[in-house]
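Coordinates from structure.pdb are shown below (PDB, N, CA and C atoms and all ligand atoms).
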```
ATOM      1  N   MET A 103       4.990   6.413   5.612
ATOM      2  CA  MET A 103       6.003   5.733   4.794
ATOM      3  C   MET A 103       5.395   4.509   4.134
ATOM      4  N   CYS A 104       5.971   4.028   3.088
ATOM      5  CA  CYS A 104       5.279   3.021   2.291
ATOM      6  C   CYS A 104       5.342   1.630   2.926
ATOM      7  N   GLY A 105       6.419   0.913   2.789
ATOM      8  CA  GLY A 105       6.471  -0.433   3.332
ATOM      9  C   GLY A 105       6.058  -1.486   2.334
ATOM     10  N   VAL A 106       5.679  -1.054   1.162
ATOM     11  CA  VAL A 106       5.286  -2.005   0.133
ATOM     12  C   VAL A 106       6.481  -2.275  -0.777
ATOM     13  N   PRO A 107       6.751  -3.543  -1.069
ATOM     14  CA  PRO A 107       7.892  -3.837  -1.938
ATOM     15  C   PRO A 107       7.748  -3.169  -3.301
ATOM     16  N   LEU A 108       8.864  -2.812  -3.859
ATOM     17  CA  LEU A 108       8.853  -2.231  -5.196
ATOM     18  C   LEU A 108       8.386  -3.255  -6.205
ATOM     19  N   ARG A 109       7.723  -2.771  -7.214
ATOM     20  CA  ARG A 109       7.286  -3.654  -8.287
ATOM     21  C   ARG A 109       8.006  -3.295  -9.567
ATOM     22  N   ASP A 110       8.104  -4.312 -10.401
ATOM     23  CA  ASP A 110       8.626  -4.055 -11.735
ATOM     24  C   ASP A 110       7.564  -3.312 -12.532
ATOM     25  N   GLY A 111       8.013  -2.665 -13.570
ATOM     26  CA  GLY A 111       7.055  -1.977 -14.420
ATOM     27  C   GLY A 111       6.862  -0.551 -13.978
ATOM     28  N   ARG A 112       6.349   0.240 -14.855
ATOM     29  CA  ARG A 112       6.295   1.665 -14.598
ATOM     30  C   ARG A 112       4.898   2.179 -14.299
ATOM     31  N   LYS A 113       3.912   1.314 -14.289
ATOM     32  CA  LYS A 113       2.550   1.825 -14.125
ATOM     33  C   LYS A 113       2.065   1.777 -12.688
ATOM     34  N   SER A 114       2.693   0.951 -11.878
ATOM     35  CA  SER A 114       2.282   0.866 -10.481
ATOM     36  C   SER A 114       2.774   2.081  -9.711
ATOM     37  N   PRO A 115       1.974   2.563  -8.736
ATOM     38  CA  PRO A 115       2.485   3.633  -7.868
ATOM     39  C   PRO A 115       3.677   3.176  -7.039
ATOM     40  N   ARG A 116       3.884   1.885  -6.954
ATOM     41  CA  ARG A 116       5.038   1.371  -6.219
ATOM     42  C   ARG A 116       6.182   0.998  -7.135
ATOM     43  N   SER A 117       6.097   1.399  -8.383
ATOM     44  CA  SER A 117       7.202   1.082  -9.266
ATOM     45  C   SER A 117       8.433   1.881  -8.846
ATOM     46  N   ALA A 118       9.560   1.324  -9.132
ATOM     47  CA  ALA A 118      10.812   1.942  -8.692
ATOM     48  C   ALA A 118      11.184   3.127  -9.574
ATOM     49  N   VAL A 119      11.644   4.173  -8.937
ATOM     50  CA  VAL A 119      12.246   5.266  -9.681
ATOM     51  C   VAL A 119      13.642   5.496  -9.105
ATOM     52  N   VAL A 120      14.522   5.965  -9.947
ATOM     53  CA  VAL A 120      15.884   6.260  -9.487
ATOM     54  C   VAL A 120      15.913   7.696  -8.981
ATOM     55  N   ASP A 121      16.316   7.835  -7.752
ATOM     56  CA  ASP A 121      16.463   9.172  -7.180
ATOM     57  C   ASP A 121      17.936   9.503  -7.053
ATOM     58  N   HIS A 122      18.270  10.734  -7.369
ATOM     59  CA  HIS A 122      19.629  11.210  -7.144
ATOM     60  C   HIS A 122      19.679  11.858  -5.771
ATOM     61  N   LYS A 123      20.472  11.274  -4.887
ATOM     62  CA  LYS A 123      20.551  11.773  -3.513
ATOM     63  C   LYS A 123      20.954  13.243  -3.525
ATOM     64  N   GLN A 124      22.036  13.547  -4.200
ATOM     65  CA  GLN A 124      22.369  14.937  -4.476
ATOM     66  C   GLN A 124      21.760  15.249  -5.840
ATOM     67  N   PRO A 125      20.791  16.165  -5.870
ATOM     68  CA  PRO A 125      20.033  16.381  -7.109
ATOM     69  C   PRO A 125      20.922  16.590  -8.335
ATOM     70  N   ALA A 126      20.544  15.925  -9.402
ATOM     71  CA  ALA A 126      21.335  16.005 -10.632
ATOM     72  C   ALA A 126      21.365  17.426 -11.193
ATOM     73  N   GLU A 127      20.334  18.176 -10.858
ATOM     74  CA  GLU A 127      20.293  19.559 -11.323
ATOM     75  C   GLU A 127      21.452  20.370 -10.743
ATOM     76  N   ILE A 128      21.831  20.042  -9.505
ATOM     77  CA  ILE A 128      22.933  20.756  -8.855
ATOM     78  C   ILE A 128      24.267  20.090  -9.171
ATOM     79  N   ARG A 129      24.261  18.750  -9.163
ATOM     80  CA  ARG A 129      25.501  17.995  -9.359
ATOM     81  C   ARG A 129      25.393  17.067 -10.574
ATOM     82  N   PRO A 130      25.320  17.660 -11.769
ATOM     83  CA  PRO A 130      25.236  16.806 -12.974
ATOM     84  C   PRO A 130      26.437  15.864 -13.100
ATOM     85  N   ASP A 131      27.535  16.221 -12.457
ATOM     86  CA  ASP A 131      28.730  15.365 -12.501
ATOM     87  C   ASP A 131      28.509  14.059 -11.743
ATOM     88  N   LEU A 132      27.501  14.023 -10.864
ATOM     89  CA  LEU A 132      27.216  12.800 -10.098
ATOM     90  C   LEU A 132      26.061  12.015 -10.693
ATOM     91  N   PHE A 133      25.608  12.409 -11.876
ATOM     92  CA  PHE A 133      24.412  11.808 -12.463
ATOM     93  C   PHE A 133      24.530  10.296 -12.586
ATOM     94  N   LEU A 134      25.694   9.824 -12.996
ATOM     95  CA  LEU A 134      25.878   8.385 -13.218
ATOM     96  C   LEU A 134      26.651   7.720 -12.089
ATOM     97  N   ASP A 135      26.804   8.427 -10.988
ATOM     98  CA  ASP A 135      27.558   7.892  -9.863
ATOM     99  C   ASP A 135      26.679   6.948  -9.047
ATOM    100  N   ASP A 136      27.072   5.679  -8.977
ATOM    101  CA  ASP A 136      26.276   4.695  -8.235
ATOM    102  C   ASP A 136      26.061   5.109  -6.784
ATOM    103  N   GLU A 137      27.065   5.751  -6.226
ATOM    104  CA  GLU A 137      26.968   6.170  -4.826
ATOM    105  C   GLU A 137      25.907   7.247  -4.629
ATOM    106  N   ASN A 138      25.565   7.913  -5.700
ATOM    107  CA  ASN A 138      24.615   9.024  -5.586
ATOM    108  C   ASN A 138      23.205   8.650  -6.013
ATOM    109  N   THR A 139      22.993   7.394  -6.353
ATOM    110  CA  THR A 139      21.645   7.015  -6.787
ATOM    111  C   THR A 139      21.123   5.867  -5.947
ATOM    112  N   TRP A 140      19.811   5.831  -5.810
ATOM    113  CA  TRP A 140      19.147   4.698  -5.193
ATOM    114  C   TRP A 140      17.765   4.602  -5.799
ATOM    115  N   SER A 141      17.133   3.458  -5.569
ATOM    116  CA  SER A 141      15.775   3.272  -6.065
ATOM    117  C   SER A 141      14.804   3.422  -4.910
ATOM    118  N   VAL A 142      13.813   4.233  -5.081
ATOM    119  CA  VAL A 142      12.716   4.307  -4.124
ATOM    120  C   VAL A 142      11.418   4.177  -4.916
ATOM    121  N   CYS A 143      10.330   3.909  -4.219
ATOM    122  CA  CYS A 143       9.074   3.777  -4.952
ATOM    123  C   CYS A 143       8.594   5.157  -5.400
ATOM    124  N   PHE A 144       7.748   5.147  -6.378
ATOM    125  CA  PHE A 144       7.259   6.386  -6.971
ATOM    126  C   PHE A 144       6.636   7.297  -5.917
ATOM    127  N   ASP A 145       5.807   6.725  -5.054
ATOM    128  CA  ASP A 145       5.134   7.535  -4.031
ATOM    129  C   ASP A 145       6.115   8.218  -3.097
ATOM    130  N   CYS A 146       7.098   7.464  -2.604
ATOM    131  CA  CYS A 146       8.076   8.063  -1.694
ATOM    132  C   CYS A 146       8.886   9.137  -2.394
ATOM    133  N   HIS A 147       9.179   8.895  -3.654
ATOM    134  CA  HIS A 147       9.939   9.896  -4.387
ATOM    135  C   HIS A 147       9.155  11.194  -4.474
ATOM    136  N   GLN A 148       7.883  11.075  -4.812
ATOM    137  CA  GLN A 148       7.063  12.284  -4.929
ATOM    138  C   GLN A 148       6.926  12.983  -3.585
ATOM    139  N   ARG A 149       6.759  12.197  -2.545
ATOM    140  CA  ARG A 149       6.438  12.755  -1.240
ATOM    141  C   ARG A 149       7.693  13.198  -0.491
ATOM    142  N   GLU A 150       8.574  12.254  -0.234
ATOM    143  CA  GLU A 150       9.697  12.522   0.672
ATOM    144  C   GLU A 150      10.855  13.233  -0.014
ATOM    145  N   CYS A 151      11.246  12.735  -1.154
ATOM    146  CA  CYS A 151      12.397  13.346  -1.822
ATOM    147  C   CYS A 151      12.060  14.772  -2.249
ATOM    148  N   ARG A 152      10.864  14.969  -2.772
ATOM    149  CA  ARG A 152      10.451  16.316  -3.181
ATOM    150  C   ARG A 152      10.349  17.253  -1.993
ATOM    151  N   ARG A 153       9.835  16.738  -0.880
ATOM    152  CA  ARG A 153       9.671  17.570   0.321
ATOM    153  C   ARG A 153      11.032  18.108   0.781
ATOM    154  N   ILE A 154      12.012  17.214   0.815
ATOM    155  CA  ILE A 154      13.346  17.618   1.251
ATOM    156  C   ILE A 154      13.955  18.608   0.264
ATOM    157  N   GLU A 155      13.771  18.338  -1.020
ATOM    158  CA  GLU A 155      14.361  19.227  -2.022
ATOM    159  C   GLU A 155      13.668  20.590  -2.016
ATOM    160  N   ASP A 156      12.351  20.583  -1.788
ATOM    161  CA  ASP A 156      11.641  21.859  -1.704
ATOM    162  C   ASP A 156      12.120  22.665  -0.495
ATOM    163  N   ARG A 157      12.372  21.949   0.601
ATOM    164  CA  ARG A 157      12.850  22.630   1.793
ATOM    165  C   ARG A 157      14.229  23.252   1.536
ATOM    166  N   ALA A 158      15.063  22.514   0.842
ATOM    167  CA  ALA A 158      16.390  23.037   0.515
ATOM    168  C   ALA A 158      16.276  24.319  -0.309
ATOM    169  N   ARG A 159      15.363  24.301  -1.274
ATOM    170  CA  ARG A 159      15.170  25.513  -2.095
ATOM    171  C   ARG A 159      14.746  26.688  -1.227
ATOM    172  N   SER A 160      13.811  26.437  -0.307
ATOM    173  CA  SER A 160      13.294  27.533   0.514
ATOM    174  C   SER A 160      14.342  28.035   1.499
ATOM    175  N   MET A 161      15.351  27.216   1.771
ATOM    176  CA  MET A 161      16.410  27.618   2.702
ATOM    177  C   MET A 161      17.661  28.101   1.964
ATOM    178  N   ASN A 162      17.504  28.392   0.696
ATOM    179  CA  ASN A 162      18.643  28.819  -0.115
ATOM    180  C   ASN A 162      19.783  27.803  -0.100
ATOM    181  N   LEU A 163      19.397  26.537  -0.122
ATOM    182  CA  LEU A 163      20.406  25.470  -0.145
ATOM    183  C   LEU A 163      20.404  24.734  -1.482
ATOM    184  N   TRP A 164      19.898  25.396  -2.507
ATOM    185  CA  TRP A 164      19.907  24.759  -3.825
ATOM    186  C   TRP A 164      21.249  25.031  -4.493
ATOM    187  N   ASN A 165      22.271  24.439  -3.915
ATOM    188  CA  ASN A 165      23.650  24.648  -4.369
ATOM    189  C   ASN A 165      24.458  23.426  -3.918
ATOM    190  N   PRO A 166      25.716  23.314  -4.330
ATOM    191  CA  PRO A 166      26.481  22.102  -3.993
ATOM    192  C   PRO A 166      26.557  21.812  -2.495
ATOM    193  N   ARG A 167      26.656  22.832  -1.672
ATOM    194  CA  ARG A 167      26.683  22.599  -0.234
ATOM    195  C   ARG A 167      25.331  22.042   0.226
ATOM    196  N   GLY A 168      24.259  22.629  -0.311
ATOM    197  CA  GLY A 168      22.925  22.158   0.021
ATOM    198  C   GLY A 168      22.681  20.750  -0.478
ATOM    199  N   ALA A 169      23.294  20.388  -1.596
ATOM    200  CA  ALA A 169      23.102  19.042  -2.138
ATOM    201  C   ALA A 169      23.576  17.988  -1.144
ATOM    202  N   VAL A 170      24.641  18.284  -0.432
ATOM    203  CA  VAL A 170      25.136  17.367   0.596
ATOM    204  C   VAL A 170      24.113  17.261   1.729
ATOM    205  N   TRP A 171      23.562  18.400   2.105
ATOM    206  CA  TRP A 171      22.521  18.423   3.143
ATOM    207  C   TRP A 171      21.310  17.608   2.707
ATOM    208  N   ILE A 172      20.904  17.779   1.454
ATOM    209  CA  ILE A 172      19.755  17.040   0.920
ATOM    210  C   ILE A 172      20.003  15.536   1.042
ATOM    211  N   ALA A 173      21.201  15.097   0.644
ATOM    212  CA  ALA A 173      21.522  13.668   0.719
ATOM    213  C   ALA A 173      21.471  13.178   2.160
ATOM    214  N   GLN A 174      21.931  14.014   3.090
ATOM    215  CA  GLN A 174      21.910  13.629   4.511
ATOM    216  C   GLN A 174      20.482  13.523   5.022
ATOM    217  N   GLU A 175      19.638  14.462   4.621
ATOM    218  CA  GLU A 175      18.240  14.421   5.055
ATOM    219  C   GLU A 175      17.522  13.190   4.501
ATOM    220  N   LYS A 176      17.795  12.872   3.258
ATOM    221  CA  LYS A 176      17.169  11.677   2.663
ATOM    222  C   LYS A 176      17.596  10.423   3.410
ATOM    223  N   ALA A 177      18.850  10.414   3.879
ATOM    224  CA  ALA A 177      19.350   9.233   4.590
ATOM    225  C   ALA A 177      18.632   9.030   5.916
ATOM    226  N   LYS A 178      18.003  10.093   6.446
ATOM    227  CA  LYS A 178      17.303   9.981   7.726
ATOM    228  C   LYS A 178      15.886   9.446   7.565
ATOM    229  N   VAL A 179      15.361   9.489   6.366
ATOM    230  CA  VAL A 179      13.983   9.040   6.144
ATOM    231  C   VAL A 179      13.952   7.516   6.171
ATOM    232  N   PRO A 180      13.069   6.927   6.979
ATOM    233  CA  PRO A 180      13.032   5.459   7.069
ATOM    234  C   PRO A 180      12.306   4.815   5.888
ATOM    235  N   PHE A 181      12.840   5.017   4.710
ATOM    236  CA  PHE A 181      12.277   4.345   3.538
ATOM    237  C   PHE A 181      12.356   2.834   3.737
ATOM    238  N   ILE A 182      11.296   2.158   3.420
ATOM    239  CA  ILE A 182      11.349   0.700   3.481
ATOM    240  C   ILE A 182      11.571   0.133   2.090
ATOM    241  N   CYS A 183      11.358   0.991   1.123
ATOM    242  CA  CYS A 183      11.406   0.521  -0.259
ATOM    243  C   CYS A 183      12.801   0.631  -0.858
ATOM    244  N   LEU A 184      13.799   0.986  -0.044
ATOM    245  CA  LEU A 184      15.120   1.242  -0.603
ATOM    246  C   LEU A 184      15.813   0.002  -1.132
ATOM    247  N   ASP A 185      16.729   0.243  -2.026
ATOM    248  CA  ASP A 185      17.646  -0.801  -2.487
ATOM    249  C   ASP A 185      18.220  -1.544  -1.293
ATOM    250  N   GLY A 186      18.392  -2.826  -1.426
ATOM    251  CA  GLY A 186      19.071  -3.554  -0.373
ATOM    252  C   GLY A 186      18.089  -4.143   0.617
ATOM    253  N   ARG A 187      17.292  -3.290   1.244
ATOM    254  CA  ARG A 187      16.366  -3.802   2.254
ATOM    255  C   ARG A 187      15.293  -4.692   1.635
ATOM    256  N   ILE A 188      15.044  -4.503   0.365
ATOM    257  CA  ILE A 188      14.007  -5.310  -0.271
ATOM    258  C   ILE A 188      14.631  -6.242  -1.299
ATOM    259  N   ALA A 189      15.914  -6.515  -1.133
ATOM    260  CA  ALA A 189      16.609  -7.343  -2.114
ATOM    261  C   ALA A 189      15.881  -8.663  -2.328
ATOM    262  N   GLY A 190      15.628  -8.963  -3.570
ATOM    263  CA  GLY A 190      15.000 -10.237  -3.890
ATOM    264  C   GLY A 190      13.495 -10.208  -3.846
ATOM    265  N   SER A 191      12.909  -9.141  -3.328
ATOM    266  CA  SER A 191      11.458  -9.124  -3.189
ATOM    267  C   SER A 191      10.781  -8.272  -4.262
ATOM    268  N   ALA A 192      11.570  -7.722  -5.150
ATOM    269  CA  ALA A 192      10.975  -6.818  -6.129
ATOM    270  C   ALA A 192      10.184  -7.544  -7.215
ATOM    271  N   SER A 193      10.524  -8.796  -7.461
ATOM    272  CA  SER A 193       9.771  -9.529  -8.484
ATOM    273  C   SER A 193       8.634 -10.294  -7.829
ATOM    274  N   LYS A 194       7.820 -10.920  -8.579
ATOM    275  CA  LYS A 194       6.637 -11.663  -8.162
ATOM    276  C   LYS A 194       5.436 -10.745  -8.042
TER     277      LYS A 194
HETATM  278 ZN    ZN B   1       8.332   3.869  -0.757
END
```

Could you rewrite the structure in this file as structure tokens?
Ligand SMILES: [Zn+2]
Amino acid sequence: MCGVPLRDGRKSPRSAVVDHKQPAEIRPDLFLDDENTWSVCFDCHQRECRRIEDRARSMNLWNPRGAVWIAQEKAKVPFICLDGRIAGSASK
């Protein structure tokens, strides 16, 4: 897991990306829902979020029911870079 504070800007591997907890591909209606989005660093997004989503696909859970499962699995990952836990530390 990362543990490095998010940085501003898009070129750092620790730059923040917005992840949709329930994938937007399955739930486009939740695309702009604040409850369904969070910021994680680029590396964690590539590694952890993709891993969970790939697992869902392989388990035939790429559907609205699976989207809930995906969000639950993401909630179990001890991201340190999440919104809130790094409040105020993203700049500098
Ligand atoms: Zn991270």

Could you tell me, as a PyMOL selection string, exactly which residues end up selected when the PyMOL selection byres (((chain A and resi 160-170) around 8) and not hetatm) is applied to this structure?
chain A and resi 123-125+127-129+154-159+171-176

Taking 3 positions as the minimum chain separation for residues in the same chain, which residues sit within 12 Å of Asp135 in chain A when counting only C-alpha atoms? Answer as a tab-separated table (two decimals) with N, CA and C atoms, in the coordinates of the input.
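Output contents, as saved in selection_36.tsv:
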```tsv
chain	number	residue	atom	x	y	z
A	120	VAL	N	14.52	5.96	-9.95
A	120	VAL	CA	15.88	6.26	-9.49
A	120	VAL	C	15.91	7.70	-8.98
A	121	ASP	N	16.32	7.84	-7.75
A	121	ASP	CA	16.46	9.17	-7.18
A	121	ASP	C	17.94	9.50	-7.05
A	122	HIS	N	18.27	10.73	-7.37
A	122	HIS	CA	19.63	11.21	-7.14
A	122	HIS	C	19.68	11.86	-5.77
A	123	LYS	N	20.47	11.27	-4.89
A	123	LYS	CA	20.55	11.77	-3.51
A	123	LYS	C	20.95	13.24	-3.52
A	124	GLN	N	22.04	13.55	-4.20
A	124	GLN	CA	22.37	14.94	-4.48
A	124	GLN	C	21.76	15.25	-5.84
A	125	PRO	N	20.79	16.16	-5.87
A	125	PRO	CA	20.03	16.38	-7.11
A	125	PRO	C	20.92	16.59	-8.34
A	126	ALA	N	20.54	15.92	-9.40
A	126	ALA	CA	21.34	16.00	-10.63
A	126	ALA	C	21.36	17.43	-11.19
A	129	ARG	N	24.26	18.75	-9.16
A	129	ARG	CA	25.50	18.00	-9.36
A	129	ARG	C	25.39	17.07	-10.57
A	130	PRO	N	25.32	17.66	-11.77
A	130	PRO	CA	25.24	16.81	-12.97
A	130	PRO	C	26.44	15.86	-13.10
A	131	ASP	N	27.54	16.22	-12.46
A	131	ASP	CA	28.73	15.36	-12.50
A	131	ASP	C	28.51	14.06	-11.74
A	132	LEU	N	27.50	14.02	-10.86
A	132	LEU	CA	27.22	12.80	-10.10
A	132	LEU	C	26.06	12.02	-10.69
A	138	ASN	N	25.56	7.91	-5.70
A	138	ASN	CA	24.62	9.02	-5.59
A	138	ASN	C	23.20	8.65	-6.01
A	139	THR	N	22.99	7.39	-6.35
A	139	THR	CA	21.64	7.02	-6.79
A	139	THR	C	21.12	5.87	-5.95
A	140	TRP	N	19.81	5.83	-5.81
A	140	TRP	CA	19.15	4.70	-5.19
A	140	TRP	C	17.76	4.60	-5.80
```

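In this structure, CA of Phe144 in chain A sits 17.0 Å away from CA of Ala177 in chain A.
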
Counting only C-alpha atoms and all ligand atoms, closest pick from A:Val119, A:Ile182, A:Cys151, A:Glu137 relative to ligand ZN 1 (chain B) is A:Ile182

Protein and nucleic acid residues within 6 Å of ligand ZN 1 (chain B) (only C-alpha atoms and all ligand atoms) as an MDAnalysis selection string:
chainID A and resid 104 142:143 145:146 181 183

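Atom pair atom N of Arg149 in chain A / atom C of Leu184 in chain A has a distance of 15.3 Å (rounded to one decimal).
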
Would you mind reading off the distance between CA of Ser141 in chain A and atom C of Lys178 in chain A, one decimal, in Å?
15.0 Å

Determine the axis-aligned bounding box of all atoms of range 166-184 of chain A present in the file, pad each side by 8 Å, and express its centre and edge lengths in Å to one decimal place as AutoDock Vina command-line options.
```
--center_x 19.0 --center_y 11.7 --center_z 1.7 --size_x 31.4 --size_y 39.3 --size_z 28.1
```
